[in-house]
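Notes follow the structure.
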Amino acid sequence: MMKRMEDLEAREAAGERAKDQEEEEEESTEAQAAAPTAKGNDAFSRRCFQASNKYYLQVIELDPISHVRVN
């Protein structure tokens with residue numbers, strides 16, 4: 001019984017570590033995407049649409065599933 005509990009606890013701990021790592025990677029991607037997002041927004045506000053498109057495409061490459069950045 002103790003062995004089974006230890007196994008379950010070990011699996012649970014491993015799952016927590018994997019979840020923490022995924023969250024760190026997500027935060028890192030968001031941080032990387034922040035600069036080109038800001039540059040794209042600035043270019044768009046200056047009506048430099050080709051430049052803004054270039055920056056927005058960089059953001060999509062970095063974080064293709066982010067609904068905040070894609071929309």
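Ordered as shown in the structure tokens, chains take letters A, B, and onward, while each chain numbers its residues from 1 and ligands are numbered from 1 in the order shown.
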Can you pull out every residue within 12 Å of Asp42 in chain A, counting only C-alpha atoms, but drop anything in the same chain fewer than 6 positions away, and send it as a list of chain:residue names?
A:Ala35, A:Pro36, A:Cys48, A:Phe49, A:Ala51, A:Ser52, A:Asn53, A:Tyr55, A:Tyr56
If we count only C-alpha atoms, what is near Thr37 in chain A at a cut-off of 12 Å, once residues fewer than 3 positions away on the same chain are taken out, given as an MDAnalysis selection string?
chainID A and resid 30:34 40:44 51:63 68:70
Report, in Å with one decimal, the straight-line distance from CA of Pro64 in chain A to CA of Ala14 in chain A.
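One can read the CA of Pro64 in chain A to CA of Ala14 in chain A distance as 27.3 Å.
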So the first atom is CA of Ser28 in chain A and the second is CA of Ile65 in chain A; what is the distance between them in Å, to one decimal place?
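Computed distance, CA of Ser28 in chain A to CA of Ile65 in chain A, equals 14.4 Å.
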For CA of Ser66 in chain A and CA of Thr29 in chain A, determine how far apart the two atoms are, in Å to one decimal place.
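One can read the CA of Ser66 in chain A to CA of Thr29 in chain A distance as 10.0 Å.
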